[in-house]
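Student: Would you mind keeping the following structure in view while I ask a few things?
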Amino acid sequence: MTDEKIGKTSVTFFATYPPRKCGIGTFTHDLARNVSQRYGEELSAKGNVNIAALNDRPEGYEYGPEVGFEINAQNKLDYRRAADYVNLSDTRVVNVQHEYGIFGGEDGENLLTFLDVVRKPVISTLHTILKNPSDHQREVLKEVCNLSTEVVVLANKGKELLRDVYDVPPDKVSMIPHGAPDVPFLDTSYYKEDYEIEGRSVILTFGLLGPNKGIEVAIEAMEQVAKEFPESLYIVLGATHPHVKKEKGEEYRLNLERMVREKGLQNNVVFHEMFVPLDELKKYLVTSDIYLTPYLSREQISSGTLAYAVALGNAVVSTPYWYAEELLADGRGKLVPFEDPDATGKAIIDLLANEGKRQSMRRSAYQFGRDMIWHSVASKYQEKYNEAIDKYKKDVKVSSGKQIDPSDSLPDLPEVKLDYLRTLTDDTGIYQHASYTVPNRKFGYTTDDNARGAIVALDQWKIFGEDSALELLRTYLSFLGSAIDPETGQARNYLSFDRQWEREERTEDAHGRLVWAAGTLIKKRPNESLVGYGNQLFHQAVDSVNDFTSPRAWAFSILGIRRYLDKFEGDRNTKLLGSSLADRLFERFKENSSDDWIWPEDSVTYENARLPQALICWGDFTSNQKMKDWGLKSLRWLMEIQTDSSRGIISLIGNDGWLVRGEDKADYDQQPVEVAALIDANWQAWKATESGEYLENIYIAFNWFLGKNDLGVTLYDFRSGGCRDGLHPSRVNENEGAESTLSWLMSLQRMYKLMGELKSKPEFEQRSDATTKNK
C-alpha cells in the first residue's frame, strides 16, 4: 500500500511518555515521531498525532505540546475522562501501548475502564505476554484483547501465546517488529576516540537497571574475559529504574559496584549512570564490539535494547529469553544459558578472538534489522490503523429490538456550551455559514437558522436555567419578526449581510419553522413579555399556513401549533387549522405510499423525519390512532433505509442526489440536520408508545455525531462546541455553520431532557440500582 493511499490517519497514543523514564514511553515517542514524519509533520499540539500520557506521580511531567491529555494511572475516573476526551476529539484510532505495570489497579485493570468507554477503534500493542499468568493477569489481558479492534505483538512468539494461553483469535493478532533507528553500518572504532577508549574491546549493556537484568552474571563473566583480553571494557549504560529506585534506592547498583571492586575489575567494568538521548545511544551502540543481554527471565516477549542492537549491526551475546531466541536465530547472535557466567564469558572471548566470525554476525544482524527501522515500522502501523478503522466500521453491532437500559447504554453526554453559538451570532442574527470556525459574512442570515436558534436558546434556559441564553433568544426573535413580509404576510428566508432581503419564489418551509419557533416560545414561557411577543409573532405567521402546499411546511407548522396549544388548548380555530394540516399530510402519505415506499413524495430529501414526527405528534394529541400508526410506520421505514444494521450505525440519505423512488440512495453528503430530526421524531414516538425500540434509535442516531457513522469520524468539535457541516465521501466538512451547530445543540439538549425523563420513571430507578449493585 502506498503512502498516498494510506493518507493521514489521526491517532492518539495511550501510554507513558518522555520525559518520564520508561522503556514504553521511549517506544511511544519514537513511534509517534516517525508516524508524524511520514505525515510530513512534526509532533505538535495541532498535528495528526496526539498523546494521552500516563502519570505515576501527582504532579505529572513537563511534556511536549503533543501531549493533549494526562491520566493519573491510579485514578480510575481519569481513564473515563480520557475516553470522553478521545471520543470528542478528531482522533480516528487509538494505539494503546500495553504493559501491566504502567496502568493502575490490580494488574493494570484500570485500562479496562478506558477501553469500555472509548468509541474509536483501538489497536493494543502488547509489550509483555506471560506464559504462566495468574488467573487475574490472564483475565485482564484477555479482556484488553477482547475490547481492542486489533492486537499487535512484537515477536511471533506472542501470536502463539495469545492463541494458546489467552484464547485470542489468530486473525485479530499481527506482528510488527520493535522499531530501531536507521544508522549506517560502521566500524566499531568509529566513535571510540570520542570516549577515549581507542584500542579497547567494548562490551555494552544498556537500559534501566533492575535485579532482573542479570548484570551480576555479566560481571562474573568479565573475570575470565579480562584475563584473555586485559584491555576489554564492559560498559553498563543506564539509570536505575525509577520504580526500583523508589522502593530500594540504589541498592542494586551499589551491590554491583561492590562486586566489581571485590573482583578487582575496576579497569574492566564501568557504570555510566544516565538516561541517554537517542543520538548519544547510537554512538554507544556503534562503539560496542559485543552487545550483551544477560537477562534472567525467559518470559520476555520484547526488548527495545536488543532490537536497537540487532538493527545497528551489533554482535550479540544473550540469554535465551523468547525475544532473543527469535531475533538472534540463524546466526544473528550467540545464545548462552541463564545465570551461567562461564558460558557467557567463553562466548564473549570466542567472538573477540574471531574477527571474521564477529563481523559475519554483525552483517547478518544488520541486514535482518532493515525491516525494523522506525520509518518502516511506522508505515506498518499506518496500514494497521486504516485496517482497524475499516474493521471497526464492520464490527460495531446493533441489538435488534432490545430495550436499552439507559443507566448503561445511553452515551456520556458532553456539556452543552453556547460559546460558539455566540460567535456565530451578531446583533442581526445568526450567520448562515462559517469558514471552519470563523463566521462567513458573505452568505448572510436565514430565517431557518434563526428559528432553530430561538428553540435552542429557549431549551438552554428551560433545561439549565441559563438566563444569558435569553439574550440570544431576543436577537433571534427580532430577526424572525422582521422576516415576515408586511405585504404578503409570508416569511422571507435569506437576508444579506447588509440587511437586504432576497426575493424568492417560495419560502414555505422557512415560514413553517418560524411558526414552530413561535409556538415553542409560548410553550416554554420564559417571561410574560417574551410570551406576549411570541403570541403576536405566532398569530402573524399562522394564518398563512393554511394555503401552503409543502409537506415540510405543514409538518413544521403542526409541531409549532401543537406547542402553542399546550398553553392555549381552548383556541378552537388554531386547533382546527392544525387538524387540517395533519389531515392533508396524512392523506398525502396514504395516496403516495406502497409496501416498500412509505412516504408522501417521490423523493426523500431534507429534514425528513419531521414529517412522520408531525403525524405521530398530532395523532397522539387528538387520539387519532390511524394517523399515529402511519407516522410510526413511516418513521420505522425511514430508520430502516438509513441504518446499516451490520455496523450498528446511521447511514444518512445524502443531499448529493437524495433518495429517488426506484433508485439507490445517495450516500453523501450527509448532514447533521437529518440526525436532529431523527432524534426528535424517535423521541416523539417513544413518548407516544414507550417502546424501547425508539430509545435505541435515539442512541444510534446521537452517536452519529460522535463517530459512529460511515467514516468513523466525530462531527462534534469539542474545542469550539460547534459541529462540522457533514460527511463527504472521504472526509468530514470542516466548516462549522449554523445549521450543523444548531442541529447538534438541539440533539444534545434532547438527550439531556430524555435522561431526565427516564430517571423519573420507577423502572429506570430499579434498573439503575441493580446496575450499581452489580458494579
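Each chain in the C-alpha cells gets a letter, A, B, ..., in the order shown, and its residues are numbered from 1; ligands are numbered from 1 in order too.
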For Val173 of chain A, please output as number ranges by chain all residues within 8 Å (counting only C-alpha atoms; exclusion window: fewer than 3 positions along the same chain).
Tutor: A: 150-153, 159, 168-170
Student: Would you write out those residues with all heavy atoms, as an mmCIF file, in the first residue's frame?
Tutor:
```cif
data_model
loop_
_atom_site.group_PDB
_atom_site.id
_atom_site.type_symbol
_atom_site.label_atom_id
_atom_site.label_comp_id
_atom_site.auth_asym_id
_atom_site.auth_seq_id
_atom_site.Cartn_x
_atom_site.Cartn_y
_atom_site.Cartn_z
ATOM 1 N N GLU A 150 -7.794 -4.431 17.031
ATOM 2 C CA GLU A 150 -6.647 -5.199 16.554
ATOM 3 C C GLU A 150 -5.621 -5.300 17.673
ATOM 4 O O GLU A 150 -5.549 -4.426 18.541
ATOM 5 C CB GLU A 150 -5.998 -4.533 15.330
ATOM 6 C CG GLU A 150 -6.856 -4.475 14.084
ATOM 7 C CD GLU A 150 -6.809 -5.775 13.291
ATOM 8 O OE1 GLU A 150 -6.016 -6.681 13.669
ATOM 9 O OE2 GLU A 150 -7.544 -5.892 12.304
ATOM 10 N N VAL A 151 -4.809 -6.361 17.636
ATOM 11 C CA VAL A 151 -3.750 -6.552 18.621
ATOM 12 C C VAL A 151 -2.435 -6.707 17.869
ATOM 13 O O VAL A 151 -2.357 -7.433 16.868
ATOM 14 C CB VAL A 151 -4.012 -7.796 19.491
ATOM 15 C CG1 VAL A 151 -2.842 -8.064 20.428
ATOM 16 C CG2 VAL A 151 -5.300 -7.636 20.286
ATOM 17 N N VAL A 152 -1.404 -6.026 18.347
ATOM 18 C CA VAL A 152 -0.075 -6.108 17.745
ATOM 19 C C VAL A 152 0.897 -6.695 18.760
ATOM 20 O O VAL A 152 0.906 -6.290 19.931
ATOM 21 C CB VAL A 152 0.418 -4.717 17.283
ATOM 22 C CG1 VAL A 152 1.883 -4.768 16.877
ATOM 23 C CG2 VAL A 152 -0.433 -4.211 16.128
ATOM 24 N N VAL A 153 1.691 -7.653 18.319
ATOM 25 C CA VAL A 153 2.767 -8.204 19.145
ATOM 26 C C VAL A 153 4.093 -7.877 18.486
ATOM 27 O O VAL A 153 4.151 -7.595 17.280
ATOM 28 C CB VAL A 153 2.608 -9.722 19.346
ATOM 29 C CG1 VAL A 153 1.345 -10.032 20.135
ATOM 30 C CG2 VAL A 153 2.589 -10.453 18.006
ATOM 31 N N LYS A 159 2.124 -14.242 19.151
ATOM 32 C CA LYS A 159 0.924 -14.757 18.498
ATOM 33 C C LYS A 159 0.580 -16.147 19.024
ATOM 34 O O LYS A 159 -0.577 -16.463 19.294
ATOM 35 C CB LYS A 159 1.144 -14.797 16.983
ATOM 36 C CG LYS A 159 1.401 -13.434 16.367
ATOM 37 C CD LYS A 159 1.913 -13.514 14.943
ATOM 38 C CE LYS A 159 0.813 -13.868 13.974
ATOM 39 N NZ LYS A 159 1.286 -13.754 12.564
ATOM 40 N N VAL A 168 -7.116 -15.774 22.220
ATOM 41 C CA VAL A 168 -7.340 -14.651 21.308
ATOM 42 C C VAL A 168 -7.357 -15.179 19.874
ATOM 43 O O VAL A 168 -6.441 -15.907 19.470
ATOM 44 C CB VAL A 168 -6.242 -13.581 21.461
ATOM 45 C CG1 VAL A 168 -6.477 -12.422 20.493
ATOM 46 C CG2 VAL A 168 -6.201 -13.072 22.891
ATOM 47 N N PRO A 169 -8.375 -14.853 19.095
ATOM 48 C CA PRO A 169 -8.444 -15.345 17.708
ATOM 49 C C PRO A 169 -7.205 -14.935 16.914
ATOM 50 O O PRO A 169 -6.825 -13.755 16.923
ATOM 51 C CB PRO A 169 -9.701 -14.677 17.149
ATOM 52 C CG PRO A 169 -10.520 -14.323 18.350
ATOM 53 C CD PRO A 169 -9.551 -14.022 19.439
ATOM 54 N N PRO A 170 -6.571 -15.865 16.228
ATOM 55 C CA PRO A 170 -5.342 -15.540 15.481
ATOM 56 C C PRO A 170 -5.515 -14.429 14.458
ATOM 57 O O PRO A 170 -4.578 -13.662 14.215
ATOM 58 C CB PRO A 170 -4.990 -16.877 14.803
ATOM 59 C CG PRO A 170 -5.608 -17.922 15.670
ATOM 60 C CD PRO A 170 -6.878 -17.312 16.185
#
```
Student: Name the residues of segment 68-223 of chain A that come out as strand (DSSP E or B) in a backbone DSSP run; write them as a PyMOL selection string.
Tutor: chain A and resi 68-72+93-98+122-126+150-153+173-175+180+202-206+209
Student: With a distance cut-off of 6 Å and only C-alpha atoms, select the neighbouring residues of segment 536-550 of chain A, excluding the residue or stretch itself and same-chain residues fewer than 3 positions from it, and output the selection as a VMD selection string.
Tutor: chain A and resid 515 518 533 553
Student: If we count only C-alpha atoms, what is near Leu559 of chain A at a cut-off of 12 Å, once residues fewer than 5 positions away on the same chain are taken out, given as an MDAnalysis selection string?
Tutor: chainID A and resid 512:520 523 542 552:554 564:566 575 578:579 581:582 610:619 621 680:681 684
Student: Okay, now the selection with N, CA, C and O atoms, as a short mmCIF file (atom, residue, chain, number, x, y, z; two decimals), in the first residue's frame?
Tutor:
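Now in selection27.cif:
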```cif
data_model
loop_
_atom_site.label_atom_id
_atom_site.label_comp_id
_atom_site.auth_asym_id
_atom_site.auth_seq_id
_atom_site.Cartn_x
_atom_site.Cartn_y
_atom_site.Cartn_z
N GLY A 512 -42.79 27.78 8.02
CA GLY A 512 -43.20 26.74 8.96
C GLY A 512 -42.27 26.66 10.15
O GLY A 512 -42.71 26.46 11.30
N ARG A 513 -40.96 26.81 9.91
CA ARG A 513 -40.02 26.78 11.03
C ARG A 513 -40.24 27.98 11.96
O ARG A 513 -40.06 27.88 13.17
N LEU A 514 -40.61 29.12 11.39
CA LEU A 514 -40.91 30.29 12.21
C LEU A 514 -42.10 30.01 13.13
O LEU A 514 -42.07 30.34 14.33
N VAL A 515 -43.14 29.37 12.59
CA VAL A 515 -44.30 29.01 13.41
C VAL A 515 -43.89 28.04 14.52
O VAL A 515 -44.34 28.16 15.66
N TRP A 516 -43.03 27.10 14.18
CA TRP A 516 -42.52 26.13 15.15
C TRP A 516 -41.81 26.85 16.30
O TRP A 516 -42.03 26.56 17.48
N ALA A 517 -40.96 27.83 15.95
CA ALA A 517 -40.22 28.56 16.98
C ALA A 517 -41.15 29.41 17.84
O ALA A 517 -41.01 29.46 19.07
N ALA A 518 -42.13 30.07 17.22
CA ALA A 518 -43.05 30.91 17.98
C ALA A 518 -43.91 30.07 18.92
O ALA A 518 -44.15 30.45 20.08
N GLY A 519 -44.38 28.91 18.44
CA GLY A 519 -45.15 28.02 19.30
C GLY A 519 -44.33 27.52 20.47
O GLY A 519 -44.84 27.38 21.60
N THR A 520 -43.03 27.25 20.21
CA THR A 520 -42.14 26.79 21.28
C THR A 520 -41.96 27.87 22.34
O THR A 520 -41.95 27.59 23.55
N LYS A 523 -44.95 27.91 24.56
CA LYS A 523 -44.96 26.74 25.45
C LYS A 523 -43.95 26.88 26.59
O LYS A 523 -44.25 26.58 27.75
N VAL A 542 -49.26 32.31 11.59
CA VAL A 542 -50.02 31.07 11.45
C VAL A 542 -51.16 31.17 10.44
O VAL A 542 -51.54 30.17 9.82
N ARG A 552 -43.37 19.68 4.20
CA ARG A 552 -42.49 20.05 5.31
C ARG A 552 -43.01 21.29 6.03
O ARG A 552 -42.93 21.38 7.26
N ALA A 553 -43.51 22.24 5.26
CA ALA A 553 -44.10 23.42 5.89
C ALA A 553 -45.29 23.02 6.75
O ALA A 553 -45.48 23.55 7.85
N TRP A 554 -46.10 22.06 6.28
CA TRP A 554 -47.20 21.57 7.10
C TRP A 554 -46.65 20.96 8.40
O TRP A 554 -47.17 21.22 9.48
N TYR A 564 -48.04 25.49 20.81
CA TYR A 564 -48.89 26.63 21.16
C TYR A 564 -50.10 26.16 21.97
O TYR A 564 -50.51 26.79 22.95
N LEU A 565 -50.69 25.03 21.58
CA LEU A 565 -51.89 24.55 22.24
C LEU A 565 -51.62 24.01 23.65
O LEU A 565 -52.56 23.85 24.43
N ASP A 566 -50.38 23.76 23.98
CA ASP A 566 -50.06 23.42 25.36
C ASP A 566 -50.41 24.57 26.30
O ASP A 566 -50.73 24.37 27.47
N LYS A 575 -56.61 24.99 16.65
CA LYS A 575 -56.64 23.53 16.71
C LYS A 575 -57.21 22.95 15.42
O LYS A 575 -56.70 21.95 14.89
N GLY A 578 -54.55 23.11 12.79
CA GLY A 578 -53.59 22.02 12.97
C GLY A 578 -54.14 20.71 12.45
O GLY A 578 -53.42 19.94 11.77
N SER A 579 -55.41 20.44 12.73
CA SER A 579 -56.02 19.20 12.26
C SER A 579 -56.11 19.18 10.73
O SER A 579 -55.90 18.14 10.09
N LEU A 581 -54.07 20.68 8.60
CA LEU A 581 -52.73 20.41 8.06
C LEU A 581 -52.35 18.94 8.25
O LEU A 581 -51.79 18.31 7.34
N ALA A 582 -52.64 18.39 9.43
CA ALA A 582 -52.31 17.00 9.70
C ALA A 582 -53.08 16.06 8.78
O ALA A 582 -52.52 15.06 8.29
N ARG A 610 -39.09 15.01 10.19
CA ARG A 610 -40.10 15.93 10.72
C ARG A 610 -41.50 15.57 10.22
O ARG A 610 -42.49 15.87 10.90
N LEU A 611 -41.57 14.90 9.06
CA LEU A 611 -42.89 14.56 8.51
C LEU A 611 -43.57 13.47 9.34
O LEU A 611 -44.70 13.67 9.81
N PRO A 612 -42.94 12.30 9.57
CA PRO A 612 -43.59 11.33 10.46
C PRO A 612 -43.71 11.84 11.89
O PRO A 612 -44.68 11.50 12.58
N GLN A 613 -42.77 12.67 12.33
CA GLN A 613 -42.88 13.24 13.68
C GLN A 613 -44.18 14.03 13.82
O GLN A 613 -44.88 13.93 14.85
N ALA A 614 -44.52 14.80 12.79
CA ALA A 614 -45.75 15.61 12.86
C ALA A 614 -46.98 14.72 12.94
O ALA A 614 -47.93 15.00 13.70
N LEU A 615 -47.03 13.63 12.17
CA LEU A 615 -48.17 12.71 12.24
C LEU A 615 -48.28 12.06 13.62
O LEU A 615 -49.38 11.93 14.16
N ILE A 616 -47.15 11.61 14.15
CA ILE A 616 -47.16 10.98 15.48
C ILE A 616 -47.62 11.98 16.53
O ILE A 616 -48.46 11.68 17.40
N CYS A 617 -47.09 13.18 16.44
CA CYS A 617 -47.40 14.23 17.41
C CYS A 617 -48.90 14.56 17.40
O CYS A 617 -49.56 14.57 18.45
N TRP A 618 -49.45 14.80 16.19
CA TRP A 618 -50.85 15.22 16.12
C TRP A 618 -51.79 14.04 16.35
O TRP A 618 -52.84 14.17 16.99
N GLY A 619 -51.41 12.85 15.86
CA GLY A 619 -52.23 11.67 16.10
C GLY A 619 -52.34 11.34 17.57
O GLY A 619 -53.42 10.99 18.07
N PHE A 621 -51.94 13.55 20.03
CA PHE A 621 -52.64 14.66 20.67
C PHE A 621 -54.16 14.52 20.50
O PHE A 621 -54.94 14.79 21.42
N ASP A 680 -35.47 13.71 17.32
CA ASP A 680 -36.75 14.29 17.79
C ASP A 680 -37.93 13.39 17.42
O ASP A 680 -38.86 13.20 18.22
N ALA A 681 -37.91 12.84 16.20
CA ALA A 681 -39.03 12.01 15.77
C ALA A 681 -39.10 10.72 16.60
O ALA A 681 -40.19 10.26 16.98
N GLN A 684 -40.49 11.55 19.91
CA GLN A 684 -41.95 11.69 19.82
C GLN A 684 -42.61 10.31 19.81
O GLN A 684 -43.65 10.10 20.45
#
```
Student: List as an mmCIF file with N, CA, C and O atoms, in the first residue's frame the protein and nucleic acid residues near Trp637 of chain A, meaning an atom at most 9 Å away when only C-alpha atoms are counted, but skip any in the same chain fewer than 5 places from it.
Tutor:
```
data_model
loop_
_atom_site.group_PDB
_atom_site.id
_atom_site.type_symbol
_atom_site.label_atom_id
_atom_site.label_comp_id
_atom_site.auth_asym_id
_atom_site.auth_seq_id
_atom_site.Cartn_x
_atom_site.Cartn_y
_atom_site.Cartn_z
ATOM 1 N N ASP A 596 -43.226 -0.801 -0.142
ATOM 2 C CA ASP A 596 -41.791 -0.531 0.020
ATOM 3 C C ASP A 596 -41.451 0.953 -0.071
ATOM 4 O O ASP A 596 -40.282 1.314 -0.183
ATOM 5 N N TRP A 597 -42.465 1.802 -0.025
ATOM 6 C CA TRP A 597 -42.211 3.253 -0.111
ATOM 7 C C TRP A 597 -43.270 3.965 0.731
ATOM 8 O O TRP A 597 -44.351 4.303 0.254
ATOM 9 N N ILE A 598 -42.961 4.193 1.993
ATOM 10 C CA ILE A 598 -43.942 4.764 2.918
ATOM 11 C C ILE A 598 -43.603 6.238 3.102
ATOM 12 O O ILE A 598 -43.066 6.672 4.115
ATOM 13 N N TRP A 599 -43.956 7.002 2.059
ATOM 14 C CA TRP A 599 -43.512 8.397 2.018
ATOM 15 C C TRP A 599 -44.484 9.225 1.181
ATOM 16 O O TRP A 599 -45.040 8.725 0.197
ATOM 17 N N LEU A 632 -45.734 6.261 12.801
ATOM 18 C CA LEU A 632 -44.784 5.283 13.343
ATOM 19 C C LEU A 632 -44.259 4.368 12.243
ATOM 20 O O LEU A 632 -43.069 4.047 12.189
ATOM 21 N N GLN A 642 -32.030 3.963 6.443
ATOM 22 C CA GLN A 642 -30.860 4.764 6.803
ATOM 23 C C GLN A 642 -30.034 4.118 7.917
ATOM 24 O O GLN A 642 -29.180 4.791 8.507
#
```
Student: Produce a table with one row for each residue of segment 167-202 of chain A that has an atom at most 12 Å from any atom of segment 21-32 of chain A, each row naming the nearest atom pair and its distance in Å at one decimal; use only C-alpha atoms; arrange rows by chain and rising residue number; format as a Markdown table.
Tutor:
```
| residue | atom | partner | partner_atom | distance |
| --- | --- | --- | --- | --- |
| A:Ile176 | CA | A:Leu31 | CA | 11.8 |
| A:Pro177 | CA | A:Leu31 | CA | 11.5 |
| A:His178 | CA | A:Phe27 | CA | 8.3 |
| A:Gly179 | CA | A:Leu31 | CA | 7.5 |
| A:Ala180 | CA | A:Asp30 | CA | 8.5 |
| A:Pro181 | CA | A:Asp30 | CA | 8.8 |
| A:Asp182 | CA | A:Asp30 | CA | 11.9 |
```
Student: Next, write the just-selected residues to a file, as a short mmCIF file (atom, residue, chain, number, x, y, z; two decimals), in the first residue's frame, keeping all heavy atoms as the atom set.
Tutor:
```cif
data_model
loop_
_atom_site.label_atom_id
_atom_site.label_comp_id
_atom_site.auth_asym_id
_atom_site.auth_seq_id
_atom_site.Cartn_x
_atom_site.Cartn_y
_atom_site.Cartn_z
N ILE A 176 4.25 -6.78 14.34
CA ILE A 176 5.01 -5.66 13.80
C ILE A 176 6.25 -5.54 14.67
O ILE A 176 6.14 -5.41 15.89
CB ILE A 176 4.21 -4.35 13.82
CG1 ILE A 176 2.94 -4.47 12.97
CG2 ILE A 176 5.07 -3.19 13.31
CD1 ILE A 176 2.07 -3.23 12.96
N PRO A 177 7.44 -5.59 14.10
CA PRO A 177 8.65 -5.62 14.92
C PRO A 177 8.85 -4.33 15.71
O PRO A 177 8.33 -3.28 15.36
CB PRO A 177 9.77 -5.82 13.90
CG PRO A 177 9.21 -5.33 12.61
CD PRO A 177 7.74 -5.63 12.66
N HIS A 178 9.61 -4.47 16.79
CA HIS A 178 10.04 -3.29 17.55
C HIS A 178 10.88 -2.41 16.64
O HIS A 178 11.70 -2.90 15.86
CB HIS A 178 10.86 -3.76 18.75
CG HIS A 178 11.07 -2.70 19.79
ND1 HIS A 178 11.74 -1.52 19.54
CD2 HIS A 178 10.70 -2.65 21.09
CE1 HIS A 178 11.78 -0.79 20.65
NE2 HIS A 178 11.14 -1.46 21.60
N GLY A 179 10.69 -1.13 16.70
CA GLY A 179 11.44 -0.22 15.85
C GLY A 179 12.84 0.06 16.36
O GLY A 179 13.18 -0.21 17.52
N ALA A 180 13.66 0.61 15.48
CA ALA A 180 15.03 0.97 15.82
C ALA A 180 15.49 2.09 14.90
O ALA A 180 14.97 2.25 13.79
CB ALA A 180 15.95 -0.24 15.68
N PRO A 181 16.49 2.87 15.33
CA PRO A 181 16.97 3.98 14.49
C PRO A 181 17.72 3.47 13.26
O PRO A 181 18.26 2.36 13.25
CB PRO A 181 17.89 4.77 15.43
CG PRO A 181 18.30 3.78 16.47
CD PRO A 181 17.16 2.84 16.64
N ASP A 182 17.75 4.29 12.24
CA ASP A 182 18.45 3.97 10.99
C ASP A 182 19.86 4.55 11.06
O ASP A 182 20.04 5.77 11.02
CB ASP A 182 17.68 4.55 9.82
CG ASP A 182 18.21 4.07 8.48
OD1 ASP A 182 19.11 3.21 8.47
OD2 ASP A 182 17.73 4.55 7.44
#
```
Student: Which residues are near segment 457-474 of chain A? Cut-off 8 Å, only C-alpha atoms, ignore same chain within fewer than 6 positions. Put them as a ChimeraX atom specification.
Tutor: /A:422,425,520-521,524,526,749,753
Student: The selected residues should be written to file as a PDB file, in the first residue's frame (atoms: N, CA and C atoms).
Tutor:
```
ATOM      1  N   ARG A 422     -22.638  31.874  20.206  1.00  0.00           N
ATOM      2  CA  ARG A 422     -22.478  33.334  20.368  1.00  0.00           C
ATOM      3  C   ARG A 422     -21.482  33.877  19.345  1.00  0.00           C
ATOM      4  N   THR A 425     -23.202  34.557  16.145  1.00  0.00           N
ATOM      5  CA  THR A 425     -24.339  35.487  16.247  1.00  0.00           C
ATOM      6  C   THR A 425     -23.850  36.921  16.389  1.00  0.00           C
ATOM      7  N   THR A 520     -43.034  27.245  20.211  1.00  0.00           N
ATOM      8  CA  THR A 520     -42.143  26.789  21.282  1.00  0.00           C
ATOM      9  C   THR A 520     -41.964  27.869  22.337  1.00  0.00           C
ATOM     10  N   LEU A 521     -41.842  29.114  21.900  1.00  0.00           N
ATOM     11  CA  LEU A 521     -41.702  30.226  22.839  1.00  0.00           C
ATOM     12  C   LEU A 521     -42.920  30.310  23.761  1.00  0.00           C
ATOM     13  N   LYS A 524     -42.750  27.382  26.287  1.00  0.00           N
ATOM     14  CA  LYS A 524     -41.683  27.438  27.298  1.00  0.00           C
ATOM     15  C   LYS A 524     -41.893  28.584  28.292  1.00  0.00           C
ATOM     16  N   PRO A 526     -40.665  31.857  29.033  1.00  0.00           N
ATOM     17  CA  PRO A 526     -39.584  32.376  29.882  1.00  0.00           C
ATOM     18  C   PRO A 526     -40.004  33.574  30.731  1.00  0.00           C
ATOM     19  N   GLN A 749     -29.346  18.733  23.664  1.00  0.00           N
ATOM     20  CA  GLN A 749     -30.367  19.153  24.632  1.00  0.00           C
ATOM     21  C   GLN A 749     -31.467  18.103  24.762  1.00  0.00           C
ATOM     22  N   LYS A 753     -32.753  16.161  28.135  1.00  0.00           N
ATOM     23  CA  LYS A 753     -34.166  16.081  28.541  1.00  0.00           C
ATOM     24  C   LYS A 753     -34.597  14.622  28.661  1.00  0.00           C
TER      25      LYS A 753
END
```
Student: Just checking: using only C-alpha atoms, which residue out of A:Val310, A:Ile389, A:Ile650, A:Leu141 ends up closest to Ser124 of chain A?
Tutor: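 Closest residue, counting only C-alpha atoms: A:Leu141.
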Student: Write out as a list of chain:residue names which residues come within 12 Å of Asp485 of chain A when counting only C-alpha atoms, dropping same-chain ones fewer than 4 positions away.
Tutor: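 My list of contacting residues is A:Leu480, A:Gly481, A:Gly489, A:Gln490, A:Ala491, A:Arg492, A:Asn493, A:Trp501, A:Glu502, A:Arg503, A:Glu504, A:Thr507, A:His511, A:Gln540, A:Ala541, A:Ser544.
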Student: Among the residues of segment 422-604 of chain A, find those DSSP assigns to alpha helix (DSSP H) from the backbone and print them as JSON, numbers by chain.
Tutor: {"A": [422, 423, 424, 447, 448, 449, 450, 451, 452, 453, 454, 455, 456, 457, 458, 459, 460, 461, 462, 463, 464, 469, 470, 471, 472, 473, 474, 475, 476, 477, 478, 479, 480, 481, 482, 483, 508, 509, 510, 511, 512, 513, 514, 515, 516, 517, 518, 519, 520, 521, 522, 523, 524, 528, 529, 530, 531, 532, 533, 534, 535, 536, 537, 538, 539, 540, 541, 542, 551, 552, 553, 554, 555, 556, 557, 558, 559, 560, 561, 562, 563, 564, 565, 566, 567, 572, 573, 574, 575, 576, 577, 578, 579, 580, 581, 582, 583, 584, 585, 586, 587, 588, 589, 590, 591, 592]}
Student: I'd like to know which of A:His272, A:Arg452, A:Lys442, A:Lys227 is closest to Leu495 of chain A, using only C-alpha atoms.
Tutor: A:Lys442
Student: Restricting the calculation to only C-alpha atoms, which member of A:Arg33, A:Arg362, A:His241, A:Arg332 is positioned closest to Asp187 of chain A?
Tutor: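 Ranked by minimum distance to Asp187 of chain A, first place goes to A:Arg362.
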Student: Report as a Markdown table the residues of segment 416-488 of chain A within 10 Å of segment 720-730 of chain A, each with its shortest atom pair and distance in Å (one decimal), using only C-alpha atoms, ordered by chain and increasing residue number.
Tutor:
```
| residue | atom | partner | partner_atom | distance |
| --- | --- | --- | --- | --- |
| A:Val416 | CA | A:Gly721 | CA | 7.9 |
| A:Lys417 | CA | A:Gly721 | CA | 5.9 |
| A:Leu418 | CA | A:Gly721 | CA | 7.1 |
| A:Asp419 | CA | A:Gly721 | CA | 6.9 |
| A:Tyr420 | CA | A:Gly721 | CA | 5.8 |
| A:Leu421 | CA | A:Gly722 | CA | 7.4 |
| A:Thr423 | CA | A:Ser720 | CA | 9.6 |
| A:Leu424 | CA | A:Gly722 | CA | 9.7 |
| A:His433 | CA | A:Asp725 | CA | 9.3 |
| A:Ala434 | CA | A:Asp725 | CA | 9.4 |
| A:Tyr436 | CA | A:Arg724 | CA | 8.2 |
| A:Thr437 | CA | A:Ser720 | CA | 7.6 |
```
Student: Counting only C-alpha atoms, which residue out of A:Tyr699, A:Tyr39, A:Trp704, A:Phe206 sits closest to Phe271 of chain A?
Tutor: A:Phe206
Student: Between atom CA of Val317 of chain A and atom CA of Glu160 of chain A, measure the distance and give it in Å to one decimal.
Tutor: 25.1 Å
Student: May I ask which of the residues A:Asp84, A:Asp135, A:Glu508, A:Glu216 is the closest one to Ser557 of chain A, counting only C-alpha atoms?
Tutor: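 The shortest atom-to-atom distance to Ser557 of chain A comes from A:Glu508.
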